[in-house]
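Below is the file work38.pdb, which contains PDB, C-alpha atoms.
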```pdb
ATOM      1  CA  MET A  16     -21.874 -31.283  10.032
ATOM      2  CA  THR A  17     -18.888 -28.941  10.001
ATOM      3  CA  GLU A  18     -15.734 -30.552   8.673
ATOM      4  CA  LEU A  19     -12.638 -29.987  10.787
ATOM      5  CA  ILE A  20      -9.177 -29.949   9.274
ATOM      6  CA  ARG A  21      -5.839 -30.193  11.016
ATOM      7  CA  VAL A  22      -3.439 -27.296  10.723
ATOM      8  CA  LYS A  23      -0.380 -29.083   9.381
ATOM      9  CA  ASP A  24       2.171 -26.338   9.877
ATOM     10  CA  TYR A  25       1.947 -26.219  13.641
ATOM     11  CA  GLN A  26       1.633 -28.562  16.555
ATOM     12  CA  PHE A  27       0.989 -26.928  19.868
ATOM     13  CA  PHE A  28       2.439 -27.647  23.274
ATOM     14  CA  ILE A  29       1.686 -26.387  26.751
ATOM     15  CA  ALA A  30       4.948 -25.752  28.549
ATOM     16  CA  LYS A  31       5.650 -25.056  32.203
ATOM     17  CA  CYS A  32       8.830 -23.505  33.528
ATOM     18  CA  GLU A  33      10.457 -25.537  36.277
ATOM     19  CA  ALA A  34      12.070 -22.400  37.700
ATOM     20  CA  CYS A  35       9.364 -19.701  37.815
ATOM     21  CA  GLY A  36       6.201 -21.753  37.255
ATOM     22  CA  LEU A  37       5.017 -19.881  34.144
ATOM     23  CA  ARG A  38       2.584 -21.935  32.033
ATOM     24  CA  PHE A  39       2.372 -20.946  28.359
ATOM     25  CA  PRO A  40       1.728 -22.312  24.836
ATOM     26  CA  ILE A  41       4.460 -22.822  22.252
ATOM     27  CA  THR A  42       4.555 -24.198  18.715
ATOM     28  CA  ASN A  43       6.812 -26.817  17.225
ATOM     29  CA  ASN A  44       8.901 -24.226  15.403
ATOM     30  CA  VAL A  45      10.132 -22.701  18.687
ATOM     31  CA  LEU A  46      10.207 -25.881  20.749
ATOM     32  CA  ARG A  47      13.916 -26.349  20.090
ATOM     33  CA  GLU A  48      14.738 -23.332  22.255
ATOM     34  CA  ASN A  49      13.541 -25.199  25.349
ATOM     35  CA  LYS A  50      13.628 -22.004  27.421
ATOM     36  CA  CYS A  51      11.075 -20.066  29.430
ATOM     37  CA  VAL A  52       9.969 -16.851  27.718
ATOM     38  CA  HIS A  53       9.946 -15.094  31.106
ATOM     39  CA  CYS A  54      13.056 -16.183  32.992
ATOM     40  CA  LYS A  55      14.911 -18.360  30.426
ATOM     41  CA  GLY A  56      14.701 -21.292  32.797
ATOM     42  CA  GLN A  57      14.218 -24.900  31.680
ATOM     43  CA  ILE A  58      10.720 -25.833  30.564
ATOM     44  CA  LYS A  59       8.774 -29.067  30.692
ATOM     45  CA  ILE A  60       6.129 -30.039  28.128
ATOM     46  CA  VAL A  61       2.952 -30.877  30.025
ATOM     47  CA  LYS A  62       0.492 -31.153  27.128
ATOM     48  CA  LYS A  63       0.614 -31.656  23.353
ATOM     49  CA  TYR A  64      -2.277 -30.927  21.010
ATOM     50  CA  SER A  65      -3.101 -30.121  17.394
ATOM     51  CA  ASN A  66      -5.071 -27.135  16.229
ATOM     52  CA  PHE A  67      -8.234 -27.791  14.214
ATOM     53  CA  VAL A  68     -10.162 -25.240  12.199
ATOM     54  CA  SER A  69     -13.465 -25.347  10.386
ATOM     55  CA  LYS A  70     -13.188 -25.911   6.648
ATOM     56  CA  THR A  71     -15.308 -23.189   5.095
ATOM     57  CA  GLU A  72     -15.963 -21.924   1.614
ATOM     58  CA  VAL A  73     -14.252 -18.664   0.688
ATOM     59  CA  ALA A  74     -16.934 -15.991   0.291
ATOM     60  CA  LYS A  75     -16.522 -12.447  -0.961
ATOM     61  CA  TYR A  76     -18.848  -9.449  -0.771
ATOM     62  CA  PRO A  77     -18.457  -7.886  -4.234
ATOM     63  CA  ASN A  78     -20.406  -4.744  -3.361
ATOM     64  CA  ILE A  79     -18.232  -3.351  -0.561
ATOM     65  CA  VAL A  80     -14.667  -2.029  -0.446
ATOM     66  CA  LEU A  81     -12.725  -0.456   2.406
ATOM     67  CA  ILE A  82     -10.698   2.772   2.331
ATOM     68  CA  LEU A  83      -8.088   3.513   5.001
ATOM     69  CA  ASP A  84      -7.564   7.274   4.958
ATOM     70  CA  ASN A  85      -4.139   7.929   6.503
ATOM     71  CA  ILE A  86      -4.118   5.216   9.154
ATOM     72  CA  ARG A  87      -0.654   5.682  10.631
ATOM     73  CA  SER A  88      -0.239   2.483  12.661
ATOM     74  CA  ALA A  89       1.146  -0.613  10.946
ATOM     75  CA  TRP A  90      -0.409  -2.695  13.731
ATOM     76  CA  ASN A  91      -3.842  -1.274  12.939
ATOM     77  CA  VAL A  92      -3.434  -1.868   9.206
ATOM     78  CA  GLY A  93      -2.342  -5.469   9.769
ATOM     79  CA  SER A  94      -5.262  -6.099  12.092
ATOM     80  CA  ILE A  95      -7.686  -4.581   9.569
ATOM     81  CA  LEU A  96      -6.266  -6.820   6.830
ATOM     82  CA  ARG A  97      -7.082  -9.867   8.976
ATOM     83  CA  THR A  98     -10.613  -8.570   9.496
ATOM     84  CA  CYS A  99     -11.033  -7.993   5.744
ATOM     85  CA  ASP A 100     -10.017 -11.585   5.100
ATOM     86  CA  ALA A 101     -12.356 -12.866   7.811
ATOM     87  CA  VAL A 102     -15.443 -11.081   6.473
ATOM     88  CA  GLY A 103     -14.679 -11.366   2.743
ATOM     89  CA  ILE A 104     -14.045  -7.752   1.762
ATOM     90  CA  THR A 105     -13.465  -7.477  -1.989
ATOM     91  CA  LYS A 106     -10.719  -4.845  -1.888
ATOM     92  CA  LEU A 107      -8.786  -2.692   0.568
ATOM     93  CA  TYR A 108      -7.418   0.724  -0.401
ATOM     94  CA  LEU A 109      -4.458   1.991   1.630
ATOM     95  CA  CYS A 110      -4.176   5.759   1.265
ATOM     96  CA  GLY A 111      -1.767   8.538   2.205
ATOM     97  CA  ILE A 112       0.546   7.589   5.068
ATOM     98  CA  SER A 113      -1.157   4.225   5.624
ATOM     99  CA  PRO A 114       1.598   1.572   5.614
ATOM    100  CA  THR A 115       1.289  -1.253   3.094
ATOM    101  CA  PRO A 116       2.033  -4.974   3.512
ATOM    102  CA  ASP A 117       5.567  -4.208   2.324
ATOM    103  CA  ASN A 118       6.053  -3.040   5.908
ATOM    104  CA  SER A 119       7.193  -5.952   8.098
ATOM    105  CA  LYS A 120       5.096  -4.683  11.023
ATOM    106  CA  VAL A 121       1.952  -4.957   8.903
ATOM    107  CA  LYS A 122       2.822  -8.535   7.949
ATOM    108  CA  LYS A 123       3.441  -9.425  11.586
ATOM    109  CA  THR A 124      -0.148  -8.640  12.548
ATOM    110  CA  SER A 125      -1.885  -9.560   9.275
ATOM    111  CA  LEU A 126      -0.572 -13.147   9.535
ATOM    112  CA  GLY A 127      -0.765 -13.782   5.793
ATOM    113  CA  ALA A 128      -4.017 -11.919   5.127
ATOM    114  CA  GLU A 129      -2.106  -9.596   2.798
ATOM    115  CA  LYS A 130      -1.919 -12.574   0.421
ATOM    116  CA  THR A 131      -5.659 -13.282   0.455
ATOM    117  CA  VAL A 132      -7.079  -9.741   0.412
ATOM    118  CA  GLU A 133      -6.714  -7.640  -2.734
ATOM    119  CA  TRP A 134      -5.204  -4.283  -1.816
ATOM    120  CA  GLU A 135      -4.032  -1.152  -3.596
ATOM    121  CA  TYR A 136      -2.043   1.876  -2.456
ATOM    122  CA  CYS A 137      -3.350   5.358  -3.337
ATOM    123  CA  LYS A 138      -1.637   8.620  -2.411
ATOM    124  CA  ASP A 139      -4.857  10.647  -2.193
ATOM    125  CA  ALA A 140      -7.953   9.199  -0.524
ATOM    126  CA  LEU A 141     -10.093  12.151  -1.623
ATOM    127  CA  THR A 142      -9.323  11.598  -5.310
ATOM    128  CA  LEU A 143     -10.024   7.881  -4.877
ATOM    129  CA  THR A 144     -13.343   8.618  -3.187
ATOM    130  CA  HIS A 145     -14.414  10.870  -6.061
ATOM    131  CA  GLU A 146     -13.537   8.114  -8.547
ATOM    132  CA  LEU A 147     -15.518   5.497  -6.635
ATOM    133  CA  LYS A 148     -18.555   7.798  -6.488
ATOM    134  CA  LYS A 149     -18.377   8.120 -10.274
ATOM    135  CA  GLN A 150     -18.440   4.312 -10.427
ATOM    136  CA  GLY A 151     -21.686   4.211  -8.449
ATOM    137  CA  PHE A 152     -20.356   3.566  -4.946
ATOM    138  CA  GLN A 153     -22.080   5.143  -1.976
ATOM    139  CA  ILE A 154     -19.525   6.498   0.489
ATOM    140  CA  LEU A 155     -19.956   5.508   4.136
ATOM    141  CA  ALA A 156     -17.678   7.430   6.506
ATOM    142  CA  ILE A 157     -17.203   6.106  10.023
ATOM    143  CA  GLU A 158     -17.121   9.415  11.875
ATOM    144  CA  LYS A 159     -18.994  11.275  14.597
ATOM    145  CA  THR A 160     -20.470  14.472  13.146
ATOM    146  CA  GLN A 161     -23.663  16.513  13.476
ATOM    147  CA  ASN A 162     -25.082  14.461  10.616
ATOM    148  CA  SER A 163     -24.090  11.040  11.924
ATOM    149  CA  VAL A 164     -26.566   8.204  12.309
ATOM    150  CA  SER A 165     -25.945   5.113  14.373
ATOM    151  CA  LEU A 166     -24.275   2.377  12.372
ATOM    152  CA  PHE A 167     -26.620  -0.072  14.085
ATOM    153  CA  ASN A 168     -29.615   1.641  12.467
ATOM    154  CA  PHE A 169     -28.161   1.489   8.956
ATOM    155  CA  ASN A 170     -28.812  -1.335   6.506
ATOM    156  CA  LEU A 171     -27.011  -2.047   3.257
ATOM    157  CA  GLU A 172     -29.084  -2.390   0.099
ATOM    158  CA  GLU A 173     -28.444  -5.669  -1.683
ATOM    159  CA  LYS A 174     -27.477  -4.342  -5.125
ATOM    160  CA  GLN A 175     -25.858  -1.064  -4.072
ATOM    161  CA  LYS A 176     -22.056  -0.719  -4.056
ATOM    162  CA  TYR A 177     -20.427   0.783  -0.954
ATOM    163  CA  ALA A 178     -17.056   2.206   0.035
ATOM    164  CA  LEU A 179     -16.481   2.285   3.794
ATOM    165  CA  VAL A 180     -13.990   4.949   4.924
ATOM    166  CA  LEU A 181     -11.972   4.855   8.140
ATOM    167  CA  GLY A 182      -9.814   7.846   9.036
ATOM    168  CA  HIS A 183      -6.670   8.855  10.896
ATOM    169  CA  GLU A 184      -6.453   7.611  14.489
ATOM    170  CA  VAL A 185      -6.490  11.167  15.890
ATOM    171  CA  GLY A 186      -7.726  13.464  13.109
ATOM    172  CA  GLY A 187     -10.432  11.174  11.755
ATOM    173  CA  VAL A 188     -11.729  11.106   8.190
ATOM    174  CA  ASP A 189     -10.569  13.892   5.849
ATOM    175  CA  PRO A 190     -13.151  16.741   6.112
ATOM    176  CA  GLU A 191     -13.390  16.940   2.316
ATOM    177  CA  ILE A 192     -14.306  13.255   2.185
ATOM    178  CA  LEU A 193     -17.001  13.916   4.784
ATOM    179  CA  VAL A 194     -18.449  16.592   2.480
ATOM    180  CA  ILE A 195     -18.981  14.127  -0.369
ATOM    181  CA  ALA A 196     -19.854  11.102   1.783
ATOM    182  CA  ASP A 197     -23.394   9.820   1.403
ATOM    183  CA  TYR A 198     -23.641   8.826   5.069
ATOM    184  CA  HIS A 199     -21.744   9.497   8.278
ATOM    185  CA  LEU A 200     -22.034   6.469  10.542
ATOM    186  CA  VAL A 201     -21.141   6.508  14.215
ATOM    187  CA  LEU A 202     -20.501   3.759  16.753
ATOM    188  CA  PRO A 203     -22.217   4.862  19.977
ATOM    189  CA  THR A 204     -19.944   5.022  23.042
ATOM    190  CA  ARG A 205     -20.460   5.657  26.741
ATOM    191  CA  GLY A 206     -16.921   5.943  28.080
ATOM    192  CA  VAL A 207     -14.817   8.956  28.976
ATOM    193  CA  LYS A 208     -12.569   8.600  25.908
ATOM    194  CA  ASN A 209     -15.618   8.595  23.617
ATOM    195  CA  SER A 210     -13.771   6.676  20.898
ATOM    196  CA  LEU A 211     -12.583   3.239  19.793
ATOM    197  CA  ASN A 212      -9.331   1.996  18.322
ATOM    198  CA  VAL A 213      -9.702   2.187  14.535
ATOM    199  CA  ALA A 214      -9.046  -1.524  14.009
ATOM    200  CA  VAL A 215     -11.661  -2.386  16.634
ATOM    201  CA  ALA A 216     -14.119   0.058  15.057
ATOM    202  CA  CYS A 217     -13.459  -1.529  11.668
ATOM    203  CA  GLY A 218     -14.255  -5.011  12.942
ATOM    204  CA  ILE A 219     -17.467  -3.948  14.649
ATOM    205  CA  SER A 220     -18.586  -1.953  11.605
ATOM    206  CA  LEU A 221     -17.984  -4.698   9.051
ATOM    207  CA  TYR A 222     -19.585  -7.457  11.102
ATOM    208  CA  GLU A 223     -22.636  -5.300  11.787
ATOM    209  CA  LEU A 224     -23.051  -3.996   8.229
ATOM    210  CA  LEU A 225     -22.637  -7.447   6.698
ATOM    211  CA  LYS A 226     -24.807  -9.067   9.404
ATOM    212  CA  LEU A 227     -22.305 -11.856  10.017
TER     213      LEU A 227
END
```
I'd like the structure from this file rewritten - as C-alpha cells, please.
Amino acid sequence: MTELIRVKDYQFFIAKCEACGLRFPITNNVLRENKCVHCKGQIKIVKKYSNFVSKTEVAKYPNIVLILDNIRSAWNVGSILRTCDAVGITKLYLCGISPTPDNSKVKKTSLGAEKTVEWEYCKDALTLTHELKKQGFQILAIEKTQNSVSLFNFNLEEKQKYALVLGHEVGGVDPEILVIADYHLVLPTRGVKNSLNVAVACGISLYELLKL
C-alpha cells in the first residue's frame, strides 16, 4: 500500500470572490491578502483541504546525463530541472547561453528542483560532448535530420552510459555535436508547426527512454 504524507508547508483553500464570482485555489501563505486575484474584491473561503503526496524512494539513473545546448529560456530550463528531478537524472549540464539556477526565473519554475538535481555550467557544449564520449558515453541528440530514427523505436542498453542533448529552441542542436552524436532521435509530429517546445520534448523523451 502506498504511504501518503501530508505536505506540512501548505494548506490549501478554495476561495470564491463575492464580487465577480471567480473560484480559485490559494495557499495559507497568501490567505492574509483576502483579495480576489482578478478584481481585488472580497473573497470567501468555501473549502479547506490538505495536500497529500506519495512517499517514494529517491531513485537515480546513474547511466544517463542531460546536456542543454544553448537553451535560451529560463522557463524552459526550470521546467527541465523539475523533469530531471521527477525521473531521477544523475546530472544536468547547462551550456552556452542556458541560464542557471542563479537566475530567479529558473528558480520560479524549477520549484526547488535545483537543490535536488546535480547541475554544472559549461561554456562550450561541443567540448563537453567530446569529453563525455572519451568517458564512454553514447551521445543521443534530439533532432530531426536525414539520419534520425524515431525515439519510440530506440531502447537504452542497461550498462551503457548515455548523454542526451537538447538544443536551442530555434536553431536546434549544434551541427558539430550532430556530427559526433551516436544517434539522432526524433519525436514524430503531425501538426503544421512540426515541432515541440523543448521542455515538453525533454519530458516525453526521458519518460520514454527510461520506460517510466
Given only C-alpha atoms, how would the per-residue table for stretch 110-216 of chain A near stretch 223-227 of chain A read, listing every residue at most 8 Å away with its closest atom pair and distance in Å to one decimal, sorted by chain and number, as CSV?
```
residue,atom,partner,partner_atom,distance
A:Leu166,CA,A:Leu224,CA,7.7
A:Phe167,CA,A:Glu223,CA,7.0
A:Phe169,CA,A:Leu224,CA,7.5
A:Asn170,CA,A:Leu224,CA,6.6
A:Leu171,CA,A:Leu224,CA,6.6
```
Work out how far atom CA of A:Thr42 is from atom CA of A:Lys120, in Å to one decimal.
-> 21.0 Å
Which neighbours of A:Val194 fall inside 12 Å, counting all atoms listed in the file, when residues of the same chain fewer than 6 positions from it are skipped, and could you give them as a list in words?
->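 Neighbouring residues, sequence-local ones excluded: Leu141, Thr144, His145, Ile154, Leu155, Ala156, Glu158, Thr160, Asn162 and Val188 of chain A.
With distances taken over all atoms listed in the file, A:Gly151 is the one residue among A:Gly127, A:Gly182, A:Gly151, A:Gly218 lying closest to A:Asp197.
Nearest residue to A:Asn209, choosing from A:Lys159, A:Asn91, A:Ala196, A:Asp189 and counting only C-alpha atoms: A:Lys159.
Compared by their closest atoms to A:Ala140, and using only C-alpha atoms, the residues A:Arg38, A:Lys59, A:Lys123, A:His183 rank with A:His183 nearest.
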What's the 8 Å shell around stretch 130-135 of chain A, counting all atoms listed in the file, without same-chain residues fewer than 2 positions away, as a VMD selection string?
-> chain A and resid 96 99 to 100 104 to 109 127 to 128 137
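When atom CA of A:Ser165 is paired with atom CA of A:Leu193, their separation reads 15.8 Å.
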Quick one: of A:Gln57, A:Ser220, A:Ser163, A:Asn118, who's nearest to A:Arg87, counting all atoms listed in the file?
->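 Going through A:Gln57, A:Ser220, A:Ser163, A:Asn118 one by one, the smallest distance to A:Arg87 is for A:Asn118.
For the residues A:Gly93, A:Pro116, A:Gly103, A:Pro190, ranking by smallest atom-to-atom distance to A:Val215 using only C-alpha atoms places A:Gly93 first.
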Applied to this file, what does the PyMOL selection byres ((chain A and resi 52) around 9) return in terms of residues, put as a PyMOL selection string?
-> chain A and resi 32+37+39+50-51+53-56
Could you put an axis-aligned box around every listed atom of stretch 29-32 of chain A, padded by 4 Å on each side, and send me its centre and edge lengths in Å to one decimal, as AutoDock Vina command-line options?
```
--center_x 5.3 --center_y -24.9 --center_z 30.1 --size_x 15.1 --size_y 10.9 --size_z 14.8
```
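Minimum distance to A:Glu184 across A:Asn49, A:Asn78, A:Asn168, A:Asn212 (counting only C-alpha atoms) occurs at A:Asn212.
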Have a look at atom CA of A:Gly187 and atom CA of A:Lys122 and let me know their distance in Å, one decimal.
-> 24.1 Å
Could you pull the residues within 10 Å of A:Pro40, counting only C-alpha atoms, minus those fewer than 4 positions along the same chain, as JSON, numbers by chain?
-> {"A": [27, 28, 29, 30, 31, 60, 62, 63]}
Take the selection from the previous step and output its residues with C-alpha atoms, as a compact mmCIF listing (two decimals), in the frame of the given file.
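Below is the file part_26.txt, written as the result:
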```
# COMPACT_ATOMS: atom_id res chain seq x y z
CA PHE A 27 0.99 -26.93 19.87
CA PHE A 28 2.44 -27.65 23.27
CA ILE A 29 1.69 -26.39 26.75
CA ALA A 30 4.95 -25.75 28.55
CA LYS A 31 5.65 -25.06 32.20
CA ILE A 60 6.13 -30.04 28.13
CA LYS A 62 0.49 -31.15 27.13
CA LYS A 63 0.61 -31.66 23.35
```
List the neighbours of A:Ala214 out to 9 Å using all atoms listed in the file; skip same-chain residues closer than 5 positions along the sequence, and give me the result as a PyMOL selection string.
-> chain A and resi 90-95+98+219
Counting all atoms listed in the file, select every polymer residue within 7 Å of (1.1, 5.9, 9.8) as defined in the file's coordinates, and provide the selection as a list in words.
->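 Output of the proximity query reads Asn85, Ile86, Arg87, Ser88, Ala89, Ile112, Ser113 and Pro114 of chain A.
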What's the 8 Å shell around A:Arg97, counting all atoms listed in the file, without same-chain residues fewer than 4 positions away, as number ranges by chain?
-> A: 93, 101, 124-126, 128-129
